[in-house]
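Below is one structure, written out as structure tokens, with a few remarks after it.
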Amino acid sequence: VQLVESGGGSVQPGGSLRLSCATSGFSFGGYAMTWVRQAPGKGLEWVSLVEDNGSRPLYTDSVKGRFTISRDNARSTLFLEMSSLKPEDTAVYYCANLRTGWVPEHWGQGTQVTVSS
């Protein structure tokens, strides 16, 4: 099983980034998927999730209206479109698949997002 995040970088406040999570080794289309982040010196924070068929995306309050989660089951890839980025969005962003009970099962290595002027 592999999950590989990409697309992170450094942007100014108000900027945009698109994160990708390329997966292999499991039946991507059969799992809900999630994005989780960890800011410097803080614990893990759930950001967003999407069900196996792409329906019912959910977001933590702090990113609603700014982030959009999506997936391409044909390419076994998860995305996170981030806009109007704020300094408090600075974190390492991880993707994971969710097994029964919304429990993260396999994780990627993370991609760094830094929002700073």
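Every chain in the structure tokens takes a letter, A first, then B, and so on in the order presented; its residues are numbered from 1, and the ligands are numbered from 1 following the presented order.
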
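Residues within 7 Å of region 47-52 of chain A, counting only C-alpha atoms and excluding same-chain residues fewer than 4 positions away, are Gly29, Gly30, Tyr31, Ala32, Met33, Thr34, Trp35, Val36, Arg37, Arg56, Pro57, Leu58, Tyr59, Thr60 and Ile69 of chain A.
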
Surrounding residues of region 86-90 of chain A excluding itself and chain neighbours under 2 positions, 12 Å, only C-alpha atoms, as a ChimeraX atom specification: /A:8-17,36-42,45,47,62-63,66-67,82-84,92-93,111-117

Non-local contacts of Arg75 (chain A) (9 Å; only C-alpha atoms; under 2 positions in same chain excluded) as a VMD selection string: chain A and resid 22 to 23 28 71 to 73 77 to 78

Produce a file of the selected residues containing N, CA, C and O atoms, as a short mmCIF file (atom, residue, chain, number, x, y, z; two decimals), in the first residue's frame.
```
data_model
loop_
_atom_site.label_atom_id
_atom_site.label_comp_id
_atom_site.auth_asym_id
_atom_site.auth_seq_id
_atom_site.Cartn_x
_atom_site.Cartn_y
_atom_site.Cartn_z
N ALA A 22 -1.63 10.37 -4.54
CA ALA A 22 -1.65 9.24 -5.46
C ALA A 22 -1.54 7.95 -4.66
O ALA A 22 -0.65 7.82 -3.81
N THR A 23 -2.42 7.03 -4.94
CA THR A 23 -2.45 5.80 -4.14
C THR A 23 -2.26 4.55 -5.00
O THR A 23 -2.52 4.57 -6.21
N PHE A 28 -8.83 1.67 -4.04
CA PHE A 28 -9.10 3.07 -3.72
C PHE A 28 -10.60 3.40 -3.76
O PHE A 28 -11.12 4.04 -2.85
N ARG A 71 -12.00 13.49 -5.64
CA ARG A 71 -11.27 12.26 -5.91
C ARG A 71 -11.52 11.82 -7.34
O ARG A 71 -12.57 12.10 -7.92
N ASP A 72 -10.55 11.10 -7.88
CA ASP A 72 -10.67 10.50 -9.20
C ASP A 72 -10.44 9.00 -9.01
O ASP A 72 -9.29 8.55 -8.91
N ASN A 73 -11.51 8.27 -8.95
CA ASN A 73 -11.38 6.83 -8.67
C ASN A 73 -10.69 6.09 -9.81
O ASN A 73 -10.03 5.07 -9.58
N THR A 77 -6.69 8.62 -7.11
CA THR A 77 -6.05 9.83 -6.60
C THR A 77 -7.05 10.70 -5.87
O THR A 77 -8.19 10.88 -6.32
N LEU A 78 -6.60 11.26 -4.77
CA LEU A 78 -7.38 12.18 -3.94
C LEU A 78 -6.79 13.57 -4.10
O LEU A 78 -5.57 13.73 -4.25
#
```

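Rounded to one decimal, CA of Ala91 (chain A) and CA of Gly54 (chain A) lie 24.7 Å from each other.
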
Shell around Gln109 (chain A) at 9 Å using only C-alpha atoms, local window under 3 positions removed, as an MDAnalysis selection string: chainID A and resid 3:5 93:95

Restricted to C-alpha atoms, what would the selected residues look like written as a PDB file, in the first residue's frame?
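This went into again26.pdb:
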```pdb
ATOM      1  CA  LEU A   3      -0.118   6.930  -0.535  1.00  0.00           C
ATOM      2  CA  VAL A   4       2.051   9.722  -1.889  1.00  0.00           C
ATOM      3  CA  GLU A   5       1.109  13.348  -1.306  1.00  0.00           C
ATOM      4  CA  TYR A  93      -0.869  17.657   5.165  1.00  0.00           C
ATOM      5  CA  TYR A  94      -1.446  13.913   5.149  1.00  0.00           C
ATOM      6  CA  CYS A  95      -3.921  11.762   3.266  1.00  0.00           C
TER       7      CYS A  95
END
```

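Considering the residues A:Arg18, A:Gly7, A:Asp61, A:Val1 and counting only C-alpha atoms, Leu80 (chain A) has its shortest atom-to-atom contact with A:Arg18.
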
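Residues of chain A that DSSP, applied to the backbone, places in helix (DSSP H, G or I): Phe28, Gly29, Gly30, Asp61, Ser62, Val63, Pro87, Glu88 and Asp89 of chain A.
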
Just-selected residues, C-alpha atoms written as an mmCIF file, in the first residue's frame:
```
data_model
loop_
_atom_site.group_PDB
_atom_site.id
_atom_site.type_symbol
_atom_site.label_atom_id
_atom_site.label_comp_id
_atom_site.auth_asym_id
_atom_site.auth_seq_id
_atom_site.Cartn_x
_atom_site.Cartn_y
_atom_site.Cartn_z
ATOM 1 C CA PHE A 28 -9.101 3.074 -3.715
ATOM 2 C CA GLY A 29 -12.675 3.268 -4.954
ATOM 3 C CA GLY A 30 -13.887 1.184 -2.047
ATOM 4 C CA ASP A 61 -15.162 24.602 10.197
ATOM 5 C CA SER A 62 -11.927 26.524 9.727
ATOM 6 C CA VAL A 63 -11.596 25.508 6.061
ATOM 7 C CA PRO A 87 -0.958 31.549 7.889
ATOM 8 C CA GLU A 88 -2.836 29.226 10.245
ATOM 9 C CA ASP A 89 -3.155 26.718 7.386
#
```

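Coordinates place CA of Glu81 (chain A) at a distance of 22.9 Å from CA of Val103 (chain A).
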
Strand (DSSP E) per DSSP on the backbone: members of chain A, as a ChimeraX atom specification: /A:2-6,9-11,17-24,32-38,44-50,58-59,67-72,77-82,91-99,103-107,111-115

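For the pair CA of Gly108 (chain A) and CA of Cys21 (chain A), the interatomic distance is 7.8 Å.
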